[in-house]
Amino acid sequence: MPHASLSLAGLLSQIPLMPNPLVPNVRLDPRTNILLGSVLGLLIIAFFVGRALRRQPESTVNPAVIRTLNLRIVAWWMMFLIIIIGLLLGPVATDVLFGLVSFWALREFITMTPTRRGDHRTLFWSFIVFTPLQYVLIGLKAYAIYTIMIPVYASLFVPARIAISGDPKRFLERVAKIQAGLLICVYSLSHAPAILSLVLTESPGGLTATRWTGSNASVLFFFVLIVQLNDVFQYMWSQLLGRHVVAPQINASRTWEGLIGGALSTMLAGMVLSWATPFGLYWAGPIAGAVALAGFAGSMTMSGIKRDRGVKDYGTLVSGHAGVLDRIDSLCFAAPVFFHITRFFFSTMQ
Amino acid sequence: MNLTVPVLAAVAKLLSGATLRWHECQPDTCQRVYFANHTSHLDALVLWSSLPGEIRDLTRPVAAKDYWSQGAVRRYMAKCFNAILIDRDEIKVHQSPVDLMIREIGTTKSLIVFPEGGRNPGEDLQEFKSGLYYLSKKRPDLELVPVYIDNLNRVLPRGEFLPVPLLSCITIGPPMWLEPKENKLDFLKRARDAVRRLKDL
């Protein structure tokens with residue numbers, strides 16, 4: 001019946017025009033493009049400012065600060081490129097790229113924390129099985145499994161496997177190191193690409209809520225941007241007003257003034273950028289604030305681990321490496337917070 | 001030009017996350033003996049892979065025959081990185097490994113040697129075997145370059161066959177020579193200290 005198949009084809013061609021309630025929108029829509037374009041503009045300016053500052057005589061500006069700034073700018077370019085390439089190639093590519101970042105971060109983490117011979121097989125499992133598996137589960141959108149795979153099953157597997165290897169020395173400490181590495185570098189960070197799997201709505205309310213018309217790509221980019229801005233704001237406020245250091249033994253440059261000023265500035269930035277998200281002007285502020293606090297917690301935690309190991313930066317651990325973990329510590333801690341807020345209040349929660 | 005060599009080198013570098021640091025020493029194609037601490041079967045492969053291409057083509061690692069001639073894969077890899085295989089069990093006076101090395105390198109090639117003899121299970125360096133001394137006594141023109149390989153023992157420890165892709169670091173130090181009238185023990189101690197000093201850089 002040619003007539004019937006024609007009408008069926010006609011019907012099928014109609015479907016993409018209506019938003020499918022089960023499939024997230026991850027295209028680069030105008031909103032995302034405006035956001036990406038503005039950030040690209042800022043990065044180009046930052047690049048030239050950084051280069052101009054490097055040529056200044058040493059008496060006017062502190063060369064160490066300039067060096068840090070330029071390293072930061074390079075890291076931002078890398079992040080920007082990774083996200084752009086991921087978004088252009090689709091959610092699977094984004095997932096894979098974040099997976100590679102996790103893999104590298106875990107590499108740095110385990111390289112820094114001494115393990116014993118008996119941990120070798122457990123480490124092999126962590127790198128070759130658990131890290132890829134987490135990102136495969138994210139790609140499959142298996143929320144119920146990827147939220148428990150590492151915190152429950154990998155965390156139980158690690159001590160058991162170390163016990164089987166037969167070395168009891170500093171057992172709990174060695175278990176904790178590998179668990180912490182998996183939790184921070186792999187599990188937490190994997191919540192960033194998971195944002196792309198949400199079906200976003202303008203308010204809580206499950207399937208009956210109004211579908212948000214924007215793209216998940218802009219929400220993911222909003223998140224990464226807010227975390228990076230928060231790092232900058234906290235640093236700037238610390239430099240301007242910083243008097244009371246939070247924990248001098250852990251990190252001498254993190255101050256309460258930096259935290260409060262940074263969080264407030266980040267909330268403001270979140271509100272300014274709220275058009276890129278389903279949150280609306282009102283909720284974008286508190287959500288950005290929560291991300292700011294989580295980012296601060298991440299930086300402090302990673303500083304603590306670094307001080308314990310007596311290294312200043314993961315980058316100096318093996319010279320020549322960029323020190324991926326130095327750049328993504330706040331991102332790691334903020335990713336689950338942002339993901340869960342978005343999922344519980346602004347998605348259909350499948 | 002064999003394509004597998006650069007591929008093998010790239011895989012080895014990627015897997016071991018190796019960074020190469022030149023400390024008071026420049027890459028050079030002159031005849032050298034790179035002598036390094038030995039903690040993993042990967043040492044020779046990774047150090048050789050990390051060297052710049054043109055130097056790599058001129059450099060031959062000295063490796064244990066009993067390990068690298070076992071099985072087709074290892075034999076093939078040893079052939080790829082142009083290894084000189086030394087029989088550790090049967091060292092004869094008239095066919096000493098040092099003579100073999102000198103013969104094999106001619107007047108153009110460099111060597112990678114591990115003077116500790118076997119892989120080191122502990123933290124500190126073992127005593128150096130005397131081969132390095134006899135080598136530089138017979139060929140005093142060779143530059144002796146100390147190398148410290150860090151963290152590779154965690155990538156592939158003794159007795160394991162699956163590597164864990166951690167990061168490692170290779171530090172190449174300033175060249176040294178056998179001094180006139182320097183005796184064997186003093187020289188070997190000096191060489192060992194040269195490697196150990198690179199550890200803390």
# chains A, B, ... in the order shown; residues from 1 in each chain; ligands from 1

call {"tool": "closest_atom_pairs", "arguments": {"of": "region 28-47 of chain B", "to": "region 160-178 of chain B", "cutoff": "10 Å", "atoms": "only C-alpha atoms", "output": "Markdown table"}}
result
| residue | atom | partner | partner_atom | distance |
| --- | --- | --- | --- | --- |
| B:Arg32 | CA | B:Pro175 | CA | 8.7 |
| B:Val33 | CA | B:Pro175 | CA | 9.2 |
| B:Tyr34 | CA | B:Ile172 | CA | 8.4 |
| B:Phe35 | CA | B:Ile172 | CA | 9.5 |
| B:Ala36 | CA | B:Ile172 | CA | 9.0 |
| B:Ser40 | CA | B:Glu160 | CA | 9.8 |
| B:His41 | CA | B:Phe161 | CA | 9.6 |
| B:Leu42 | CA | B:Pro163 | CA | 9.3 |
| B:Asp43 | CA | B:Ile170 | CA | 9.7 |
| B:Val46 | CA | B:Ile170 | CA | 9.0 |
| B:Leu47 | CA | B:Ile170 | CA | 7.2 |

call {"tool": "interface_residues", "arguments": {"of": "chain A", "to": "chain B", "cutoff": "6 Å", "atoms": "only C-alpha atoms", "output": "VMD selection string"}}
result
chain A and resid 107 111 124

call {"tool": "select_by_dssp", "arguments": {"residues": "region 140-309 of chain A", "states": "helix (DSSP H, G or I)", "output": "ChimeraX atom specification"}}
result
/A:143-146,149-165,171-188,191-197,206-208,216-241,256-272,274-276,280-309

call {"tool": "residues_around", "arguments": {"residues": "Gln249 (chain A)", "least_positions_apart": "2", "cutoff": "12 Å", "atoms": "only C-alpha atoms", "output": "NGL selection string"}}
result
:A and (245-247 or 251-254 or 300 or 303-308 or 310)

call {"tool": "closest_residue", "arguments": {"among": "A:Ile287, A:Val101, A:Leu293, A:Leu273", "to": "Leu36 (chain A)", "atoms": "only C-alpha atoms"}}
result
A:Leu273

call {"tool": "closest_residue", "arguments": {"among": "B:Gln31, B:Ser16, B:Ser110, B:Asn37", "to": "Val147 (chain B)", "atoms": "only C-alpha atoms"}}
result
B:Asn37

call {"tool": "atom_distance", "arguments": {"atom1": "CA of Ala64 (chain A)", "atom2": "CA of Phe333 (chain A)"}}
result
27.1 Å

call {"tool": "atom_distance", "arguments": {"atom1": "CA of Ser155 (chain A)", "atom2": "CA of Pro132 (chain A)"}}
result
15.8 Å

call {"tool": "residues_around", "arguments": {"residues": "Pro168 (chain A)", "least_positions_apart": "4", "cutoff": "12 Å", "atoms": "only C-alpha atoms", "output": "PyMOL selection string"}}
result
chain A and resi 116-119+159-164+172-175

call {"tool": "select_by_dssp", "arguments": {"residues": "region 164-201 of chain B", "states": "strand (DSSP E or B)", "output": "PyMOL selection string"}}
result
chain B and resi 168-172+176

call {"tool": "residues_around", "arguments": {"residues": "Pro52 (chain B)", "least_positions_apart": "6", "cutoff": "10 Å", "atoms": "only C-alpha atoms", "output": "list in words"}}
result
Leu20, Pro27, Asp28 and Thr29 of chain B

call {"tool": "closest_residue", "arguments": {"among": "B:Arg197, B:Arg190, B:Lys65, B:His38", "to": "Pro97 (chain B)", "atoms": "only C-alpha atoms"}}
result
B:Lys65

call {"tool": "residues_around", "arguments": {"residues": "region 123-129 of chain B", "least_positions_apart": "3", "cutoff": "7 Å", "atoms": "only C-alpha atoms", "output": "number ranges by chain"}}
result
B: 37, 115-117, 120, 188, 192

call {"tool": "write_last_selection", "arguments": {"atoms": "N, CA and C atoms", "output": "short mmCIF file (atom, residue, chain, number, x, y, z; two decimals), in the first residue's frame"}}
result
data_model
loop_
_atom_site.label_atom_id
_atom_site.label_comp_id
_atom_site.auth_asym_id
_atom_site.auth_seq_id
_atom_site.Cartn_x
_atom_site.Cartn_y
_atom_site.Cartn_z
N ASN B 37 69.58 3.00 36.87
CA ASN B 37 69.09 2.07 37.89
C ASN B 37 68.08 1.13 37.25
N PRO B 115 73.96 -1.28 35.40
CA PRO B 115 75.10 -1.87 36.11
C PRO B 115 74.73 -2.57 37.41
N GLU B 116 73.45 -2.45 37.85
CA GLU B 116 73.07 -3.19 39.05
C GLU B 116 72.96 -4.69 38.77
N GLY B 117 72.96 -5.05 37.48
CA GLY B 117 72.90 -6.46 37.12
C GLY B 117 71.48 -6.95 37.00
N ASN B 120 66.25 -4.22 40.85
CA ASN B 120 66.42 -3.91 42.25
C ASN B 120 65.09 -4.00 42.98
N LEU B 188 83.30 2.79 40.60
CA LEU B 188 81.93 2.26 40.66
C LEU B 188 81.09 3.01 41.69
N ARG B 192 77.77 5.18 40.90
CA ARG B 192 76.52 4.90 41.62
C ARG B 192 75.98 6.18 42.25
#

call {"tool": "atom_distance", "arguments": {"atom1": "CA of Asn33 (chain A)", "atom2": "CA of Leu225 (chain A)"}}
result
13.9 Å

call {"tool": "residues_around", "arguments": {"residues": "Arg56 (chain B)", "least_positions_apart": "3", "cutoff": "10 Å", "atoms": "only C-alpha atoms", "output": "PyMOL selection string"}}
result
chain B and resi 6+9+29+47-53+59-61+81-82+109-110

call {"tool": "closest_residue", "arguments": {"among": "A:Val186, A:Tyr143, A:Thr213, A:Pro286", "to": "Phe98 (chain A)", "atoms": "only C-alpha atoms"}}
result
A:Val186

call {"tool": "decode", "arguments": {"residues": "region 148-185 of chain B", "atoms": "N, CA and C atoms", "output": "PDB file, in the first residue's frame"}}
result
ATOM      1  N   TYR B 148      68.561   8.312  35.930  1.00  0.00           N
ATOM      2  CA  TYR B 148      67.731   7.798  37.017  1.00  0.00           C
ATOM      3  C   TYR B 148      66.305   7.617  36.519  1.00  0.00           C
ATOM      4  N   ILE B 149      65.800   6.395  36.672  1.00  0.00           N
ATOM      5  CA  ILE B 149      64.444   6.075  36.229  1.00  0.00           C
ATOM      6  C   ILE B 149      63.551   5.982  37.460  1.00  0.00           C
ATOM      7  N   ASP B 150      62.520   6.846  37.486  1.00  0.00           N
ATOM      8  CA  ASP B 150      61.672   6.931  38.671  1.00  0.00           C
ATOM      9  C   ASP B 150      60.276   6.407  38.375  1.00  0.00           C
ATOM     10  N   ASN B 151      59.760   5.611  39.278  1.00  0.00           N
ATOM     11  CA  ASN B 151      58.361   5.169  39.301  1.00  0.00           C
ATOM     12  C   ASN B 151      58.012   4.065  38.303  1.00  0.00           C
ATOM     13  N   LEU B 152      58.980   3.653  37.502  1.00  0.00           N
ATOM     14  CA  LEU B 152      58.658   2.615  36.522  1.00  0.00           C
ATOM     15  C   LEU B 152      58.429   1.261  37.199  1.00  0.00           C
ATOM     16  N   ASN B 153      59.028   1.112  38.385  1.00  0.00           N
ATOM     17  CA  ASN B 153      58.808  -0.138  39.130  1.00  0.00           C
ATOM     18  C   ASN B 153      57.369  -0.280  39.588  1.00  0.00           C
ATOM     19  N   ARG B 154      56.645   0.868  39.642  1.00  0.00           N
ATOM     20  CA  ARG B 154      55.223   0.769  40.002  1.00  0.00           C
ATOM     21  C   ARG B 154      54.373   0.500  38.758  1.00  0.00           C
ATOM     22  N   VAL B 155      54.884   0.890  37.605  1.00  0.00           N
ATOM     23  CA  VAL B 155      54.143   0.622  36.369  1.00  0.00           C
ATOM     24  C   VAL B 155      54.135  -0.888  36.098  1.00  0.00           C
ATOM     25  N   LEU B 156      55.285  -1.500  36.232  1.00  0.00           N
ATOM     26  CA  LEU B 156      55.375  -2.953  36.051  1.00  0.00           C
ATOM     27  C   LEU B 156      56.355  -3.525  37.079  1.00  0.00           C
ATOM     28  N   PRO B 157      55.857  -3.908  38.271  1.00  0.00           N
ATOM     29  CA  PRO B 157      56.768  -4.443  39.281  1.00  0.00           C
ATOM     30  C   PRO B 157      57.236  -5.849  38.917  1.00  0.00           C
ATOM     31  N   ARG B 158      58.200  -6.302  39.665  1.00  0.00           N
ATOM     32  CA  ARG B 158      58.706  -7.671  39.538  1.00  0.00           C
ATOM     33  C   ARG B 158      57.580  -8.669  39.633  1.00  0.00           C
ATOM     34  N   GLY B 159      57.583  -9.623  38.746  1.00  0.00           N
ATOM     35  CA  GLY B 159      56.624 -10.720  38.862  1.00  0.00           C
ATOM     36  C   GLY B 159      55.237 -10.419  38.322  1.00  0.00           C
ATOM     37  N   GLU B 160      55.000  -9.197  37.847  1.00  0.00           N
ATOM     38  CA  GLU B 160      53.698  -8.879  37.251  1.00  0.00           C
ATOM     39  C   GLU B 160      53.855  -8.854  35.739  1.00  0.00           C
ATOM     40  N   PHE B 161      52.760  -9.123  35.035  1.00  0.00           N
ATOM     41  CA  PHE B 161      52.872  -9.055  33.578  1.00  0.00           C
ATOM     42  C   PHE B 161      51.956  -8.014  32.961  1.00  0.00           C
ATOM     43  N   LEU B 162      51.023  -7.450  33.757  1.00  0.00           N
ATOM     44  CA  LEU B 162      50.158  -6.399  33.222  1.00  0.00           C
ATOM     45  C   LEU B 162      50.573  -5.048  33.805  1.00  0.00           C
ATOM     46  N   PRO B 163      50.934  -4.082  32.964  1.00  0.00           N
ATOM     47  CA  PRO B 163      51.366  -2.786  33.491  1.00  0.00           C
ATOM     48  C   PRO B 163      50.186  -1.910  33.911  1.00  0.00           C
ATOM     49  N   VAL B 164      50.410  -1.097  34.932  1.00  0.00           N
ATOM     50  CA  VAL B 164      49.433  -0.091  35.351  1.00  0.00           C
ATOM     51  C   VAL B 164      49.924   1.261  34.838  1.00  0.00           C
ATOM     52  N   PRO B 165      49.108   1.995  34.079  1.00  0.00           N
ATOM     53  CA  PRO B 165      49.609   3.192  33.404  1.00  0.00           C
ATOM     54  C   PRO B 165      49.801   4.399  34.318  1.00  0.00           C
ATOM     55  N   LEU B 166      50.755   4.342  35.217  1.00  0.00           N
ATOM     56  CA  LEU B 166      51.076   5.512  36.049  1.00  0.00           C
ATOM     57  C   LEU B 166      52.034   6.417  35.273  1.00  0.00           C
ATOM     58  N   LEU B 167      52.484   7.481  35.926  1.00  0.00           N
ATOM     59  CA  LEU B 167      53.445   8.384  35.290  1.00  0.00           C
ATOM     60  C   LEU B 167      54.842   8.074  35.798  1.00  0.00           C
ATOM     61  N   SER B 168      55.813   8.151  34.918  1.00  0.00           N
ATOM     62  CA  SER B 168      57.185   7.928  35.354  1.00  0.00           C
ATOM     63  C   SER B 168      58.066   9.061  34.847  1.00  0.00           C
ATOM     64  N   CYS B 169      59.275   9.106  35.372  1.00  0.00           N
ATOM     65  CA  CYS B 169      60.158  10.218  35.045  1.00  0.00           C
ATOM     66  C   CYS B 169      61.580   9.709  34.857  1.00  0.00           C
ATOM     67  N   ILE B 170      62.218  10.138  33.783  1.00  0.00           N
ATOM     68  CA  ILE B 170      63.587   9.726  33.493  1.00  0.00           C
ATOM     69  C   ILE B 170      64.470  10.963  33.528  1.00  0.00           C
ATOM     70  N   THR B 171      65.491  10.946  34.387  1.00  0.00           N
ATOM     71  CA  THR B 171      66.394  12.088  34.481  1.00  0.00           C
ATOM     72  C   THR B 171      67.769  11.690  33.964  1.00  0.00           C
ATOM     73  N   ILE B 172      68.279  12.451  33.021  1.00  0.00           N
ATOM     74  CA  ILE B 172      69.598  12.170  32.466  1.00  0.00           C
ATOM     75  C   ILE B 172      70.567  13.218  32.993  1.00  0.00           C
ATOM     76  N   GLY B 173      71.649  12.763  33.577  1.00  0.00           N
ATOM     77  CA  GLY B 173      72.564  13.663  34.272  1.00  0.00           C
ATOM     78  C   GLY B 173      73.813  13.991  33.470  1.00  0.00           C
ATOM     79  N   PRO B 174      74.739  14.769  34.089  1.00  0.00           N
ATOM     80  CA  PRO B 174      75.956  15.190  33.393  1.00  0.00           C
ATOM     81  C   PRO B 174      76.905  14.018  33.127  1.00  0.00           C
ATOM     82  N   PRO B 175      77.538  13.982  31.947  1.00  0.00           N
ATOM     83  CA  PRO B 175      78.442  12.875  31.599  1.00  0.00           C
ATOM     84  C   PRO B 175      79.664  12.818  32.527  1.00  0.00           C
ATOM     85  N   MET B 176      80.209  11.629  32.676  1.00  0.00           N
ATOM     86  CA  MET B 176      81.430  11.456  33.463  1.00  0.00           C
ATOM     87  C   MET B 176      82.357  10.494  32.718  1.00  0.00           C
ATOM     88  N   TRP B 177      83.627  10.452  33.145  1.00  0.00           N
ATOM     89  CA  TRP B 177      84.608   9.561  32.530  1.00  0.00           C
ATOM     90  C   TRP B 177      85.401   8.866  33.618  1.00  0.00           C
ATOM     91  N   LEU B 178      86.064   7.820  33.240  1.00  0.00           N
ATOM     92  CA  LEU B 178      86.984   7.155  34.162  1.00  0.00           C
ATOM     93  C   LEU B 178      88.214   8.039  34.300  1.00  0.00           C
ATOM     94  N   GLU B 179      88.529   8.435  35.547  1.00  0.00           N
ATOM     95  CA  GLU B 179      89.697   9.303  35.766  1.00  0.00           C
ATOM     96  C   GLU B 179      90.973   8.461  35.644  1.00  0.00           C
ATOM     97  N   PRO B 180      92.104   9.088  35.231  1.00  0.00           N
ATOM     98  CA  PRO B 180      93.363   8.342  35.201  1.00  0.00           C
ATOM     99  C   PRO B 180      93.715   7.851  36.605  1.00  0.00           C
ATOM    100  N   LYS B 181      94.149   6.644  36.690  1.00  0.00           N
ATOM    101  CA  LYS B 181      94.586   6.016  37.946  1.00  0.00           C
ATOM    102  C   LYS B 181      93.461   5.799  38.945  1.00  0.00           C
ATOM    103  N   GLU B 182      92.198   6.016  38.547  1.00  0.00           N
ATOM    104  CA  GLU B 182      91.084   5.758  39.461  1.00  0.00           C
ATOM    105  C   GLU B 182      90.884   4.251  39.560  1.00  0.00           C
ATOM    106  N   ASN B 183      90.778   3.723  40.787  1.00  0.00           N
ATOM    107  CA  ASN B 183      90.620   2.278  40.876  1.00  0.00           C
ATOM    108  C   ASN B 183      89.159   1.876  40.737  1.00  0.00           C
ATOM    109  N   LYS B 184      88.929   0.575  40.599  1.00  0.00           N
ATOM    110  CA  LYS B 184      87.622   0.055  40.238  1.00  0.00           C
ATOM    111  C   LYS B 184      86.552   0.442  41.263  1.00  0.00           C
ATOM    112  N   LEU B 185      86.868   0.227  42.547  1.00  0.00           N
ATOM    113  CA  LEU B 185      85.849   0.467  43.572  1.00  0.00           C
ATOM    114  C   LEU B 185      85.455   1.937  43.647  1.00  0.00           C
TER     115      LEU B 185
END
